[in-house]
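Take a look at the structure below.
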Amino acid sequence: SMQLSLSVWAFSQLVGVDSRVRSKHLSELVDAVATYAAGSSIMVRPADKACMHWSRLLYGIAKMGFTCRDSQAVQQLFEAGARLLPQMLYKKQPCAPQNVSNPLWAFATAEYGGSLQQLVSNVASNLGWVMKNAKPQEWSNAVWALATLQSHKVGMGKQSAVFEIVSAGVEGVVQQRRKAVAQDLSNTLWALATL
């Protein structure tokens, strides 16, 4: 799982530097990785790193510009992530703030249209430990993602769970405003205006 997630992440960095890297061959590679990861138990092992690997994988694919509309394999990968990430949070598997904010960002950026009710519910009910020590960028990415997903009418369950995360995110950015960059503040303000 580490090799898969790091490979996809590395390609996402290349695509960010040179858009010519994205080609038919890269699309085929992403489809192959997505198919393998979605259908294999390898991405949940080892349990103490699974959240990080899923975060990297979903983030990398979304950062390369692939969306759930691009291929069935990408859609199935994001469906698997939407199913497995809440289970990891429920089991209290190690999951850093970045490993929560990046998948939320990826679901929004990849235009995922399925339900994220369990994920949002489990993030909201585990805010105390899962987002402890979150940086302003992690909070703003999560808040931006939730606002974007809501504007796309993605099922996220109870509004109270969304607003609990957003409230904590706004508080986290405000408390750390001296560490925040302009984009953290603007993404958070945009999310508030959109919600």
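By order in the structure tokens, chains are A, B, ...; within a chain, residues start at 1; ligands start at 1, following the order shown.
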Q) Quick one: residues within 10 Å of Lys49 of chain A, only C-alpha atoms counted, chain neighbours fewer than 6 positions away excluded, as a ChimeraX atom specification? A) /A:1-2,43,93-95
May I have the selected residues written with C-alpha atoms, as an mmCIF file, in the first residue's frame?
```
data_model
loop_
_atom_site.group_PDB
_atom_site.id
_atom_site.type_symbol
_atom_site.label_atom_id
_atom_site.label_comp_id
_atom_site.auth_asym_id
_atom_site.auth_seq_id
_atom_site.Cartn_x
_atom_site.Cartn_y
_atom_site.Cartn_z
ATOM 1 C CA SER A 1 0.000 0.000 0.000
ATOM 2 C CA MET A 2 2.869 2.381 0.721
ATOM 3 C CA MET A 43 -4.703 -0.786 1.200
ATOM 4 C CA GLN A 93 -6.744 3.678 13.759
ATOM 5 C CA PRO A 94 -3.950 6.270 13.614
ATOM 6 C CA CYS A 95 -5.034 9.106 11.365
#
```
Interface rows for segment 45-157 of chain A against segment 5-12 of chain A: nearest pair, Å to one decimal, 9 Å, only C-alpha atoms, as a Markdown table:
```
| residue | atom | partner | partner_atom | distance |
| --- | --- | --- | --- | --- |
| A:Met52 | CA | A:Ser5 | CA | 8.7 |
| A:His53 | CA | A:Ser5 | CA | 5.4 |
| A:Trp54 | CA | A:Ser5 | CA | 7.1 |
| A:Ser55 | CA | A:Ser5 | CA | 8.2 |
| A:Arg56 | CA | A:Ser5 | CA | 5.4 |
| A:Leu57 | CA | A:Ser5 | CA | 4.5 |
| A:Leu58 | CA | A:Ser5 | CA | 8.4 |
| A:Tyr59 | CA | A:Trp9 | CA | 7.4 |
| A:Gly60 | CA | A:Trp9 | CA | 4.5 |
| A:Ile61 | CA | A:Val8 | CA | 6.6 |
| A:Ala62 | CA | A:Ser12 | CA | 8.3 |
| A:Lys63 | CA | A:Ser12 | CA | 5.8 |
| A:Met64 | CA | A:Ser12 | CA | 4.9 |
| A:Gly65 | CA | A:Ser12 | CA | 8.7 |
```
Q.
For the helix (DSSP H, G or I) assignment from backbone DSSP, which residues of segment 20-86 of chain A qualify? Please present them as a PyMOL selection string.
A. chain A and resi 20-21+24-39+41-44+50-63+72-86
**Q.** Spatial neighbours of Gln76 of chain A, max dist 8 Å, only C-alpha atoms, sep filter under 2 positions, as a list in words
**A.**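 Surrounding residues, per the criterion: Ala34, Thr35, Ala38, Gln72, Ala73, Val74, Phe78, Glu79 and Ala80 of chain A.
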Q.
Using only C-alpha atoms, can you tell me which of A:Trp105, A:Tyr36, A:Tyr90, A:Tyr112 comes closest to Ala147 of chain A?
A. A:Trp105
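Residue nearest Leu146 of chain A within the list A:Asp184, A:Leu195, A:Val100, A:Lys132: A:Leu195 [criterion: smallest interatomic distance, only C-alpha atoms].
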Q | Two-atom distance - atom CA of Phe163 of chain A, atom CA of Met131 of chain A (Å) | A |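 Atom CA of Phe163 of chain A sits 14.9 Å away from atom CA of Met131 of chain A.
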**Q.** Among listed residues A:Cys68, A:Leu127, A:Val15, A:Leu89, nearest Ala168 of chain A (using only C-alpha atoms)
**A.** A:Leu127
Q: Between atom CA of Arg69 of chain A and atom CA of Ala106 of chain A, measure the distance and give it in Å to one decimal.
A: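 For atom CA of Arg69 of chain A relative to atom CA of Ala106 of chain A, the distance reads 13.6 Å.
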Q: Point out the residue among A:Ser101, A:Leu116, A:Asn126, A:Ser151 with the least atom-to-atom distance to Glu138 of chain A, counting only C-alpha atoms.
A: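 Ranked by minimum distance to Glu138 of chain A, first place goes to A:Ser101.
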Q. Hey, which of A:Lys158, A:Ser140, A:Val130, A:Val33 ends up closest to Leu192 of chain A? Count only C-alpha atoms.
A. A:Ser140
Q) With only C-alpha atoms as the atoms that count, which of A:Ala96, A:Gln13, A:Ala182, A:Gln75 lies nearest to Asp48 of chain A? A)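 Nearest to Asp48 of chain A: A:Ala96.
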Q | Leu119 of chain A environment, 10 Å, only C-alpha atoms, sequence neighbours closer than 6 positions dropped, as number ranges by chain | A | A: 81-90, 100, 104, 125, 156-157
Please save all heavy atoms of the selected residues as a short mmCIF file (atom, residue, chain, number, x, y, z; two decimals), in the first residue's frame.
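Below you can see selection-v4.cif, which holds the result:
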```cif
data_model
loop_
_atom_site.label_atom_id
_atom_site.label_comp_id
_atom_site.auth_asym_id
_atom_site.auth_seq_id
_atom_site.Cartn_x
_atom_site.Cartn_y
_atom_site.Cartn_z
N GLY A 81 -12.83 4.23 -0.77
CA GLY A 81 -12.34 5.16 0.24
C GLY A 81 -13.45 5.68 1.12
O GLY A 81 -13.29 5.79 2.34
N ALA A 82 -14.60 5.98 0.53
CA ALA A 82 -15.76 6.48 1.30
C ALA A 82 -16.28 5.41 2.25
O ALA A 82 -16.85 5.72 3.30
CB ALA A 82 -16.87 6.93 0.35
N ARG A 83 -16.08 4.16 1.91
CA ARG A 83 -16.51 3.05 2.77
C ARG A 83 -15.48 2.72 3.85
O ARG A 83 -15.84 2.45 4.99
CB ARG A 83 -16.77 1.81 1.88
CG ARG A 83 -17.35 0.62 2.60
CD ARG A 83 -17.57 -0.57 1.67
NE ARG A 83 -16.31 -1.13 1.18
CZ ARG A 83 -15.83 -0.99 -0.04
NH1 ARG A 83 -16.48 -0.31 -0.96
NH2 ARG A 83 -14.67 -1.54 -0.39
N LEU A 84 -14.19 2.77 3.51
CA LEU A 84 -13.14 2.31 4.42
C LEU A 84 -12.65 3.38 5.40
O LEU A 84 -12.35 3.06 6.55
CB LEU A 84 -11.95 1.76 3.63
CG LEU A 84 -12.26 0.48 2.85
CD1 LEU A 84 -11.11 0.13 1.91
CD2 LEU A 84 -12.55 -0.68 3.80
N LEU A 85 -12.54 4.62 4.96
CA LEU A 85 -12.04 5.67 5.86
C LEU A 85 -12.90 5.82 7.12
O LEU A 85 -12.35 5.93 8.22
CB LEU A 85 -11.90 7.00 5.12
CG LEU A 85 -10.70 7.08 4.18
CD1 LEU A 85 -10.81 8.29 3.26
CD2 LEU A 85 -9.40 7.11 4.95
N PRO A 86 -14.24 5.80 7.01
CA PRO A 86 -15.03 5.89 8.24
C PRO A 86 -14.78 4.72 9.20
O PRO A 86 -14.79 4.89 10.41
CB PRO A 86 -16.48 5.89 7.75
CG PRO A 86 -16.42 6.27 6.33
CD PRO A 86 -15.08 5.84 5.83
N GLN A 87 -14.55 3.53 8.63
CA GLN A 87 -14.26 2.36 9.47
C GLN A 87 -12.95 2.56 10.22
O GLN A 87 -12.85 2.19 11.40
CB GLN A 87 -14.19 1.10 8.61
CG GLN A 87 -15.52 0.69 8.01
CD GLN A 87 -15.37 -0.45 7.01
OE1 GLN A 87 -14.33 -1.11 6.94
NE2 GLN A 87 -16.41 -0.68 6.24
N MET A 88 -11.97 3.14 9.56
CA MET A 88 -10.68 3.39 10.21
C MET A 88 -10.85 4.38 11.36
O MET A 88 -10.26 4.19 12.43
CB MET A 88 -9.67 3.92 9.20
CG MET A 88 -9.26 2.91 8.17
SD MET A 88 -8.19 3.67 6.93
CE MET A 88 -8.56 2.65 5.53
N LEU A 89 -11.65 5.42 11.15
CA LEU A 89 -11.89 6.40 12.21
C LEU A 89 -12.67 5.76 13.35
O LEU A 89 -12.38 6.00 14.52
CB LEU A 89 -12.65 7.60 11.66
CG LEU A 89 -11.87 8.48 10.69
CD1 LEU A 89 -12.78 9.54 10.08
CD2 LEU A 89 -10.68 9.12 11.37
N TYR A 90 -13.65 4.94 13.01
CA TYR A 90 -14.46 4.28 14.04
C TYR A 90 -13.59 3.38 14.91
O TYR A 90 -13.76 3.32 16.12
CB TYR A 90 -15.59 3.47 13.37
CG TYR A 90 -16.45 2.74 14.36
CD1 TYR A 90 -17.43 3.42 15.08
CD2 TYR A 90 -16.30 1.37 14.56
CE1 TYR A 90 -18.22 2.76 16.00
CE2 TYR A 90 -17.09 0.70 15.47
CZ TYR A 90 -18.06 1.39 16.18
OH TYR A 90 -18.84 0.73 17.09
N VAL A 100 -7.15 13.34 7.11
CA VAL A 100 -8.59 13.60 7.09
C VAL A 100 -8.89 14.71 6.07
O VAL A 100 -9.76 14.58 5.23
CB VAL A 100 -9.11 13.99 8.49
CG1 VAL A 100 -10.56 14.45 8.41
CG2 VAL A 100 -8.97 12.83 9.44
N LEU A 104 -10.91 14.52 2.16
CA LEU A 104 -12.08 15.38 1.95
C LEU A 104 -11.85 16.28 0.75
O LEU A 104 -12.73 16.43 -0.11
CB LEU A 104 -12.38 16.21 3.21
CG LEU A 104 -12.96 15.44 4.40
CD1 LEU A 104 -13.03 16.34 5.63
CD2 LEU A 104 -14.33 14.86 4.07
N SER A 125 -17.65 13.13 14.98
CA SER A 125 -17.68 12.52 16.31
C SER A 125 -16.29 12.23 16.87
O SER A 125 -16.15 11.92 18.05
CB SER A 125 -18.54 11.24 16.30
OG SER A 125 -17.99 10.28 15.44
N MET A 156 -24.10 14.11 2.71
CA MET A 156 -23.17 14.12 3.84
C MET A 156 -23.88 13.88 5.16
O MET A 156 -23.28 14.06 6.22
CB MET A 156 -22.39 15.44 3.87
CG MET A 156 -21.46 15.59 2.68
SD MET A 156 -20.36 17.00 2.81
CE MET A 156 -21.50 18.35 2.63
N GLY A 157 -25.12 13.49 5.11
CA GLY A 157 -25.83 13.18 6.35
C GLY A 157 -26.32 14.42 7.06
O GLY A 157 -26.67 15.42 6.44
#
```
